[in-house]
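The next block is coords_18.txt, given as compact mmCIF, C-alpha atoms.
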# COMPACT_ATOMS: atom_id res chain seq x y z
CA MET A 1 112.08 75.05 66.16
CA PRO A 2 111.21 77.79 63.67
CA THR A 3 108.34 80.11 64.45
CA VAL A 4 106.22 81.70 61.77
CA ARG A 5 104.43 84.91 62.65
CA VAL A 6 101.36 85.50 60.54
CA TYR A 7 99.84 88.99 60.53
CA VAL A 8 96.25 89.15 59.36
CA THR A 9 94.67 92.53 58.62
CA LEU A 10 91.33 93.67 57.32
CA LYS A 11 91.55 94.90 53.71
CA PRO A 12 92.13 98.67 53.67
CA SER A 13 88.92 99.24 51.70
CA LEU A 14 86.79 97.79 54.52
CA LEU A 15 85.57 99.70 57.54
CA ASP A 16 87.19 98.38 60.74
CA SER A 17 84.46 99.38 63.18
CA ALA A 18 86.38 98.11 66.23
CA GLY A 19 89.50 100.01 65.11
CA ARG A 20 87.45 103.15 64.64
CA THR A 21 86.20 102.90 68.23
CA VAL A 22 89.73 102.38 69.55
CA ALA A 23 90.91 105.44 67.59
CA GLY A 24 88.10 107.46 69.16
CA ALA A 25 89.18 106.34 72.64
CA LEU A 26 92.82 107.28 71.99
CA GLN A 27 91.73 110.68 70.74
CA LYS A 28 89.67 111.15 73.91
CA LEU A 29 92.84 110.36 75.88
CA GLY A 30 94.47 113.35 74.20
CA TYR A 31 96.29 111.79 71.25
CA GLN A 32 94.95 114.26 68.70
CA GLU A 33 97.65 113.32 66.18
CA LEU A 34 96.00 109.94 65.71
CA GLU A 35 94.39 109.66 62.28
CA GLN A 36 93.33 106.05 62.27
CA ALA A 37 93.68 102.75 64.14
CA ARG A 38 93.10 99.37 62.58
CA ILE A 39 93.03 96.09 64.43
CA GLY A 40 94.50 92.88 63.07
CA LYS A 41 95.57 89.50 64.33
CA LEU A 42 98.93 87.98 65.08
CA ILE A 43 99.10 84.20 64.84
CA GLU A 44 102.29 82.39 65.85
CA LEU A 45 102.91 78.99 64.37
CA GLN A 46 105.60 76.62 65.59
CA LEU A 47 106.63 74.31 62.79
CA SER A 48 109.09 71.43 62.61
CA GLU A 49 110.14 72.79 59.21
CA VAL A 50 109.12 75.77 57.13
CA ASP A 51 107.89 75.20 53.61
CA ASP A 52 106.71 78.51 52.14
CA ALA A 53 104.14 76.92 49.89
CA ARG A 54 102.58 75.10 52.84
CA VAL A 55 102.58 78.18 55.07
CA LYS A 56 100.85 80.15 52.30
CA GLU A 57 98.36 77.35 51.96
CA MET A 58 97.57 77.47 55.70
CA CYS A 59 96.97 81.21 55.41
CA ASP A 60 94.83 80.95 52.28
CA ARG A 61 92.77 78.00 53.48
CA LEU A 62 92.09 79.05 57.05
CA LEU A 63 94.11 81.73 58.81
CA ALA A 64 92.96 84.58 56.54
CA ASN A 65 89.77 85.00 54.57
CA PRO A 66 90.83 86.42 51.18
CA VAL A 67 87.42 88.06 50.75
CA ILE A 68 88.04 90.48 53.62
CA GLU A 69 91.62 90.09 54.80
CA ASP A 70 95.25 90.43 53.72
CA TYR A 71 98.12 88.61 55.38
CA ARG A 72 101.88 88.56 55.52
CA TYR A 73 104.21 86.42 57.54
CA GLU A 74 107.76 86.30 58.78
CA VAL A 75 109.91 83.34 59.77
CA LEU A 76 111.83 83.54 63.06
CA GLN A 77 114.50 80.91 63.51
CA MET B 78 61.29 64.38 53.09
CA LYS B 79 63.85 64.92 55.80
CA VAL B 80 65.85 68.03 56.77
CA ALA B 81 69.28 67.79 58.41
CA VAL B 82 69.84 70.40 61.14
CA ILE B 83 73.62 70.54 61.53
CA ARG B 84 74.91 70.96 65.09
CA PHE B 85 78.36 72.35 65.84
CA PRO B 86 79.74 72.90 69.34
CA GLY B 87 78.28 76.33 70.11
CA SER B 88 75.23 76.15 67.83
CA ASN B 89 72.31 77.58 69.76
CA CYS B 90 69.46 77.98 67.28
CA ASP B 91 69.42 74.28 66.41
CA GLN B 92 66.36 73.57 68.56
CA ASP B 93 64.45 76.53 67.09
CA ALA B 94 65.15 75.14 63.62
CA PHE B 95 64.24 71.59 64.66
CA HIS B 96 60.93 72.59 66.26
CA SER B 97 59.86 75.06 63.60
CA ILE B 98 60.29 72.35 60.97
CA ASN B 99 58.78 69.49 62.98
CA ASP B 100 56.07 71.25 64.99
CA ASP B 101 55.07 74.26 62.90
CA LEU B 102 55.64 73.05 59.35
CA HIS B 103 54.85 69.42 60.27
CA LEU B 104 57.79 68.22 58.22
CA LYS B 105 60.65 66.04 59.41
CA ALA B 106 63.92 67.41 60.81
CA GLU B 107 66.75 65.48 62.45
CA TYR B 108 69.96 66.63 64.05
CA VAL B 109 73.29 65.84 62.39
CA TRP B 110 76.50 66.19 64.39
CA HIS B 111 79.38 68.18 62.88
CA GLU B 112 81.67 65.16 63.04
CA ASP B 113 79.30 63.03 60.99
CA THR B 114 80.36 62.40 57.43
CA SER B 115 77.11 61.51 55.71
CA LEU B 116 73.91 63.28 54.75
CA GLY B 117 72.47 60.06 53.34
CA GLY B 118 68.67 60.04 53.45
CA PHE B 119 68.36 63.82 53.82
CA ASP B 120 66.73 66.12 51.28
CA ALA B 121 67.69 69.53 52.65
CA VAL B 122 70.19 71.08 55.07
CA PHE B 123 69.60 73.75 57.71
CA ILE B 124 72.74 75.29 59.24
CA PRO B 125 71.52 77.07 62.37
CA GLY B 126 72.73 80.14 64.20
CA GLY B 127 74.87 80.35 67.29
CA PHE B 128 78.54 80.73 68.03
CA SER B 129 80.07 77.64 66.46
CA TYR B 130 83.48 76.91 67.98
CA GLY B 131 83.18 80.08 70.03
CA ASP B 132 83.62 82.21 66.88
CA TYR B 133 87.36 81.47 67.11
CA LEU B 134 89.52 83.09 64.40
CA ARG B 135 86.47 84.37 62.46
CA CYS B 136 82.76 83.59 62.78
CA GLY B 137 82.14 80.32 60.96
CA ALA B 138 85.80 79.71 60.09
CA MET B 139 86.27 76.66 62.30
CA ALA B 140 82.89 75.20 61.39
CA SER B 141 83.73 75.47 57.69
CA CYS B 142 86.47 72.85 58.30
CA ALA B 143 84.20 70.38 60.13
CA PRO B 144 83.95 66.87 58.62
CA ILE B 145 80.25 67.28 57.72
CA MET B 146 81.05 70.29 55.52
CA ASN B 147 82.53 68.15 52.73
CA GLU B 148 79.19 66.44 52.54
CA VAL B 149 77.35 69.79 52.61
CA ALA B 150 79.53 70.93 49.70
CA ARG B 151 78.60 67.81 47.76
CA PHE B 152 74.93 68.43 48.57
CA VAL B 153 75.24 71.99 47.25
CA LYS B 154 76.93 70.80 44.08
CA GLU B 155 74.07 68.41 43.46
CA GLY B 156 71.71 71.39 43.51
CA ARG B 157 69.91 70.36 46.67
CA PRO B 158 68.48 73.00 49.04
CA VAL B 159 70.67 74.38 51.83
CA ILE B 160 69.85 77.27 54.16
CA GLY B 161 72.25 78.95 56.58
CA VAL B 162 70.85 81.34 59.15
CA CYS B 163 72.98 83.87 61.06
CA ASN B 164 76.06 81.87 62.09
CA GLY B 165 74.95 79.36 59.44
CA PHE B 166 75.24 82.15 56.84
CA GLN B 167 78.74 82.93 58.14
CA VAL B 168 79.68 79.24 57.91
CA LEU B 169 78.50 79.02 54.28
CA CYS B 170 80.49 82.14 53.34
CA GLU B 171 83.60 80.82 55.10
CA ALA B 172 83.18 77.50 53.30
CA GLY B 173 83.10 79.35 49.97
CA LEU B 174 79.58 78.09 49.26
CA LEU B 175 78.20 81.64 49.23
CA PRO B 176 79.94 84.82 48.04
CA GLY B 177 81.06 87.57 50.42
CA ALA B 178 81.67 87.67 54.17
CA LEU B 179 80.12 89.01 57.36
CA LEU B 180 81.92 91.54 59.55
CA LEU B 181 81.38 93.22 62.89
CA ASN B 182 78.28 95.44 62.79
CA GLU B 183 79.08 99.00 61.82
CA ALA B 184 77.79 100.31 65.17
CA GLN B 185 79.86 97.68 67.04
CA LYS B 186 76.80 96.49 68.92
CA PHE B 187 74.97 93.20 69.09
CA VAL B 188 71.55 93.98 67.61
CA CYS B 189 68.48 91.99 68.62
CA LYS B 190 65.19 93.24 67.17
CA ASP B 191 62.59 92.70 64.48
CA VAL B 192 63.50 93.93 61.01
CA PHE B 193 61.60 94.21 57.75
CA LEU B 194 62.88 92.26 54.77
CA MET B 195 62.02 92.88 51.15
CA PRO B 196 62.28 89.79 48.96
CA ILE B 197 64.36 90.70 45.91
CA ASN B 198 64.78 87.35 44.17
CA ARG B 199 61.37 85.70 43.96
CA THR B 200 62.18 82.73 41.78
CA SER B 201 64.66 80.56 43.72
CA PHE B 202 63.74 77.44 45.67
CA TRP B 203 63.86 79.42 48.93
CA THR B 204 62.23 82.67 47.85
CA GLN B 205 59.53 81.79 45.33
CA GLY B 206 56.93 81.43 48.10
CA VAL B 207 57.63 84.88 49.54
CA ASP B 208 55.00 87.29 48.32
CA HIS B 209 55.34 90.27 50.67
CA ALA B 210 57.81 92.07 52.93
CA LEU B 211 58.59 89.98 56.01
CA ARG B 212 58.97 90.96 59.65
CA ILE B 213 61.58 88.65 61.16
CA PRO B 214 64.00 89.06 64.09
CA ILE B 215 67.75 89.53 63.84
CA ALA B 216 70.17 88.74 66.68
CA HIS B 217 73.80 89.22 65.74
CA GLY B 218 76.97 91.17 66.40
CA GLU B 219 78.66 90.24 63.14
CA GLY B 220 76.15 90.64 60.36
CA ARG B 221 77.61 93.36 58.16
CA TYR B 222 77.56 91.76 54.73
CA VAL B 223 80.49 92.78 52.55
CA CYS B 224 81.75 91.73 49.13
CA ASP B 225 83.86 93.35 46.44
CA THR B 226 82.29 95.58 43.78
CA GLU B 227 82.56 92.90 41.13
CA THR B 228 80.71 90.37 43.30
CA LEU B 229 78.03 92.91 44.17
CA GLU B 230 77.42 93.60 40.49
CA ARG B 231 77.24 89.87 39.83
CA LEU B 232 74.72 89.44 42.67
CA LYS B 233 72.58 92.25 41.28
CA ASP B 234 72.82 91.26 37.62
CA GLY B 235 72.24 87.60 38.38
CA ASN B 236 69.29 88.32 40.72
CA LYS B 237 71.05 86.60 43.62
CA ILE B 238 70.19 89.10 46.34
CA ALA B 239 67.55 87.27 48.33
CA PHE B 240 66.52 89.97 50.82
CA ARG B 241 67.22 93.59 51.66
CA TYR B 242 66.61 95.34 54.98
CA VAL B 243 63.82 97.87 54.45
CA ASN B 244 61.72 100.20 56.57
CA GLN B 245 58.04 99.68 57.23
CA GLU B 246 57.25 101.43 53.95
CA GLY B 247 59.42 98.95 52.07
CA GLN B 248 62.31 101.32 51.31
CA ALA B 249 65.93 100.23 51.66
CA THR B 250 67.10 103.31 53.58
CA PRO B 251 70.30 103.67 55.65
CA GLU B 252 68.12 103.86 58.78
CA ALA B 253 66.58 100.48 57.95
CA ASN B 254 70.03 98.92 57.70
CA PRO B 255 70.76 97.44 61.16
CA ASN B 256 74.43 96.56 60.68
CA GLY B 257 75.94 98.51 57.78
CA SER B 258 75.59 95.73 55.20
CA VAL B 259 76.48 96.77 51.67
CA ASP B 260 73.37 97.66 49.67
CA ASN B 261 71.17 96.74 52.71
CA ILE B 262 71.76 93.06 51.92
CA ALA B 263 70.22 90.68 54.47
CA GLY B 264 70.48 87.47 52.47
CA VAL B 265 72.09 86.12 49.32
CA LEU B 266 71.77 83.09 47.06
CA ASN B 267 74.53 81.14 45.39
CA GLU B 268 74.94 81.05 41.62
CA GLN B 269 72.70 77.98 41.27
CA GLY B 270 70.07 79.46 43.60
CA ASN B 271 69.80 76.38 45.85
CA VAL B 272 71.77 77.85 48.76
CA LEU B 273 70.35 80.70 50.83
CA GLY B 274 72.23 82.58 53.55
CA VAL B 275 70.29 85.03 55.73
CA MET B 276 71.20 86.93 58.88
CA PRO B 277 67.58 87.25 60.13
CA HIS B 278 66.04 84.19 61.79
CA PRO B 279 63.02 82.75 59.93
CA GLU B 280 62.91 79.86 62.43
CA ARG B 281 62.15 82.37 65.19
CA ALA B 282 59.04 83.62 63.41
CA THR B 283 56.96 80.52 62.79
CA ARG B 284 54.07 80.78 65.26
CA ALA B 285 51.86 83.52 66.66
CA ILE B 286 53.47 83.41 70.10
CA CYS B 287 56.79 84.43 68.47
CA GLY B 288 55.17 87.68 67.38
CA SER B 289 55.36 86.86 63.67
CA THR B 290 54.78 83.90 61.42
CA ASP B 291 56.55 85.46 58.44
CA GLY B 292 59.44 83.00 58.73
CA LEU B 293 57.13 80.35 57.35
CA GLN B 294 57.15 82.18 54.02
CA ILE B 295 60.76 81.07 53.61
CA LEU B 296 60.73 77.72 55.40
CA GLN B 297 57.55 76.45 53.78
CA SER B 298 59.67 76.01 50.64
CA LEU B 299 60.77 72.75 52.27
CA ALA B 300 57.26 71.37 51.84
CA ARG B 301 57.73 71.45 48.08
CA ILE B 302 60.58 68.94 48.15
CA GLY B 303 58.29 65.93 48.45
CA VAL B 304 56.14 67.28 45.63
CA LEU B 305 59.14 67.84 43.38
CA ALA B 306 60.57 64.39 44.04
When written as structure tokens, how does the structure in this file appear?
Amino acid sequence: MPTVRVYVTLKPSLLDSAGRTVAGALQKLGYQELEQARIGKLIELQLSEVDDARVKEMCDRLLANPVIEDYRYEVLQ
Amino acid sequence: MKVAVIRFPGSNCDQDAFHSINDDLHLKAEYVWHEDTSLGGFDAVFIPGGFSYGDYLRCGAMASCAPIMNEVARFVKEGRPVIGVCNGFQVLCEAGLLPGALLLNEAQKFVCKDVFLMPINRTSFWTQGVDHALRIPIAHGEGRYVCDTETLERLKDGNKIAFRYVNQEGQATPEANPNGSVDNIAGVLNEQGNVLGVMPHPERATRAICGSTDGLQILQSLARIGVLA
């Protein structure tokens, strides 16, 4: 059964306050090379068949909010 | 005149809304379950705060797909009054009935305190009764209002910003902004002006024992419905 992995990320123009805090923690742990951390979501969908138009529709209608988020997905067979 | 207070699993300000309308405004509110499919007999809708569906995926995202929301959308289209408070504001944004979105507070913290609100639009159904700055509590972790530049300009030009966070002197300073909202925005109206979304809780400021009765300035708009009809 094919799996679709959807990656949802906050638009680059928006402040990711949780990501900023995580970056601060990594820097405190000694990773001074770290410039930025941003947190997103990974959603795995198991589908009986993959229809690109329908996957896009699922992302646009619910999985991502186009006002604040971008998404991309990959199909794993 | 009857107000529908929509209940989702995880709503937790539904009783505050119900009692402020019934007991303090002496109007009529009834609960409507999220799986219901009709708003027949109702004249206004109140979408209360809380953590609908446990805030899964995004705050308000699951609730925006609930069966009752088709009916809320129809209600909005007909120009009838709808208010969404806190999580209710998030639900209305997720449903595309209000512009913009609400993100995690800039300081990452849940903020629970009284804030001062300056009414910006004073002509809509919800805001025409507001004649001074209001002191009303906020209680949210995800209240940072964001929208793109184009939308912000449209909100400003169209006079659709309902409220801004201000300090006690009425100035919209960065210090008065509790969550990092763009332009200190605490509430917005839709294009038609019949839908209001606000992060602060007017239903928690409707009697002296709450510490403020300023919430009545917004909610008393409901009393005009009978007069209009």
* To do: With a distance threshold of 8 Å and counting only C-alpha atoms, extract the residues of chain A near chain B and express them as a list in words.
  => Leu15, Ser17, Ala18, Leu62, Leu63, Asn65, Val67 and Ile68 of chain A
* From B:Ile215, B:Val159, B:Ala263, B:Leu299, residue lying nearest B:Leu174 [all atoms listed in the file] ->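 Of the candidates, the smallest distance to B:Leu174 is held by B:Val159.
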* **Interatomic distance (Å, one decimal) between atom CA of B:Tyr133 and atom CA of B:Ser258** =>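 Going from atom CA of B:Tyr133 over to atom CA of B:Ser258 covers 22.0 Å.
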* To do: Could you give me, as a ChimeraX atom specification, the residues within 8 Å of stretch 69-74 of chain A, counting all atoms listed in the file and dropping anything in the same chain fewer than 3 positions from it?
  => /A:4-11,59,64-66
Resulting file, chosen residues, C-alpha atoms, as a compact mmCIF listing (two decimals), in the coordinates of the input:
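And here's result_35.txt as it stands now:
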# COMPACT_ATOMS: atom_id res chain seq x y z
CA VAL A 4 106.22 81.70 61.77
CA ARG A 5 104.43 84.91 62.65
CA VAL A 6 101.36 85.50 60.54
CA TYR A 7 99.84 88.99 60.53
CA VAL A 8 96.25 89.15 59.36
CA THR A 9 94.67 92.53 58.62
CA LEU A 10 91.33 93.67 57.32
CA LYS A 11 91.55 94.90 53.71
CA CYS A 59 96.97 81.21 55.41
CA ALA A 64 92.96 84.58 56.54
CA ASN A 65 89.77 85.00 54.57
CA PRO A 66 90.83 86.42 51.18
* Taking into account only C-alpha atoms, which residue in the set B:Gly131, B:Ile302, B:Glu155, B:Leu169 is nearest to B:Phe202? -> B:Ile302
* **Near-B:Asn99 list (12 Å; all atoms listed in the file; drop same-chain fewer than 5 positions) as a PyMOL selection string** => chain B and resi 78-82+92-94+104-108+280+283+296-297+299-300
Any chance you could model N, CA, C and O atoms for stretch 24-50 of chain A and send them as a compact mmCIF listing (two decimals), keeping the file's coordinate frame?
# COMPACT_ATOMS: atom_id res chain seq x y z
N GLY A 24 88.88 106.45 68.44
CA GLY A 24 88.10 107.46 69.16
C GLY A 24 88.52 107.54 70.61
O GLY A 24 88.65 108.63 71.19
N ALA A 25 88.78 106.38 71.22
CA ALA A 25 89.18 106.34 72.64
C ALA A 25 90.56 106.98 72.82
O ALA A 25 90.79 107.75 73.76
N LEU A 26 91.48 106.68 71.89
CA LEU A 26 92.82 107.28 71.99
C LEU A 26 92.75 108.80 71.83
O LEU A 26 93.43 109.54 72.54
N GLN A 27 91.88 109.24 70.93
CA GLN A 27 91.73 110.68 70.74
C GLN A 27 91.17 111.33 72.01
O GLN A 27 91.61 112.40 72.40
N LYS A 28 90.24 110.62 72.65
CA LYS A 28 89.67 111.15 73.91
C LYS A 28 90.74 111.24 74.98
O LYS A 28 90.68 112.06 75.89
N LEU A 29 91.75 110.34 74.91
CA LEU A 29 92.84 110.36 75.88
C LEU A 29 93.85 111.47 75.58
O LEU A 29 94.84 111.63 76.29
N GLY A 30 93.62 112.20 74.49
CA GLY A 30 94.47 113.35 74.20
C GLY A 30 95.43 113.16 73.04
O GLY A 30 96.25 114.04 72.78
N TYR A 31 95.36 112.02 72.36
CA TYR A 31 96.29 111.79 71.25
C TYR A 31 95.66 112.30 69.94
O TYR A 31 95.21 111.53 69.11
N GLN A 32 95.64 113.64 69.83
CA GLN A 32 94.95 114.26 68.70
C GLN A 32 95.64 113.98 67.37
O GLN A 32 95.04 114.13 66.31
N GLU A 33 96.92 113.58 67.42
CA GLU A 33 97.65 113.32 66.18
C GLU A 33 97.19 112.03 65.52
O GLU A 33 97.51 111.75 64.35
N LEU A 34 96.44 111.23 66.24
CA LEU A 34 96.00 109.94 65.71
C LEU A 34 94.99 110.12 64.57
O LEU A 34 93.96 110.78 64.75
N GLU A 35 95.29 109.56 63.43
CA GLU A 35 94.39 109.66 62.28
C GLU A 35 93.50 108.43 62.17
O GLU A 35 92.34 108.51 61.82
N GLN A 36 94.08 107.28 62.46
CA GLN A 36 93.33 106.05 62.27
C GLN A 36 93.96 104.91 63.07
O GLN A 36 95.18 104.90 63.26
N ALA A 37 93.15 103.98 63.53
CA ALA A 37 93.68 102.75 64.14
C ALA A 37 92.97 101.58 63.49
O ALA A 37 91.75 101.62 63.28
N ARG A 38 93.72 100.57 63.16
CA ARG A 38 93.10 99.37 62.58
C ARG A 38 93.60 98.16 63.35
O ARG A 38 94.78 98.07 63.69
N ILE A 39 92.70 97.24 63.61
CA ILE A 39 93.03 96.09 64.43
C ILE A 39 93.21 94.85 63.55
O ILE A 39 92.39 94.60 62.66
N GLY A 40 94.28 94.12 63.81
CA GLY A 40 94.50 92.88 63.07
C GLY A 40 94.78 91.75 64.03
O GLY A 40 94.57 91.88 65.23
N LYS A 41 95.27 90.66 63.49
CA LYS A 41 95.57 89.50 64.33
C LYS A 41 97.01 89.07 64.11
O LYS A 41 97.54 89.17 63.01
N LEU A 42 97.60 88.58 65.18
CA LEU A 42 98.93 87.98 65.08
C LEU A 42 98.79 86.51 65.46
O LEU A 42 98.29 86.20 66.55
N ILE A 43 99.19 85.64 64.57
CA ILE A 43 99.10 84.20 64.84
C ILE A 43 100.51 83.63 64.78
O ILE A 43 101.21 83.80 63.76
N GLU A 44 100.95 82.99 65.84
CA GLU A 44 102.29 82.39 65.85
C GLU A 44 102.19 80.90 65.63
O GLU A 44 101.43 80.21 66.33
N LEU A 45 102.92 80.42 64.67
CA LEU A 45 102.91 78.99 64.37
C LEU A 45 104.29 78.41 64.66
O LEU A 45 105.30 78.96 64.22
N GLN A 46 104.32 77.34 65.40
CA GLN A 46 105.60 76.62 65.59
C GLN A 46 105.59 75.42 64.65
O GLN A 46 104.68 74.60 64.71
N LEU A 47 106.60 75.36 63.80
CA LEU A 47 106.63 74.31 62.79
C LEU A 47 107.91 73.51 62.91
O LEU A 47 108.96 74.07 63.28
N SER A 48 107.87 72.24 62.59
CA SER A 48 109.09 71.43 62.61
C SER A 48 109.99 71.83 61.44
O SER A 48 111.21 71.76 61.52
N GLU A 49 109.37 72.26 60.34
CA GLU A 49 110.14 72.79 59.21
C GLU A 49 109.26 73.77 58.45
O GLU A 49 108.03 73.65 58.47
N VAL A 50 109.88 74.74 57.82
CA VAL A 50 109.12 75.77 57.13
C VAL A 50 109.16 75.55 55.62
O VAL A 50 110.23 75.57 55.01
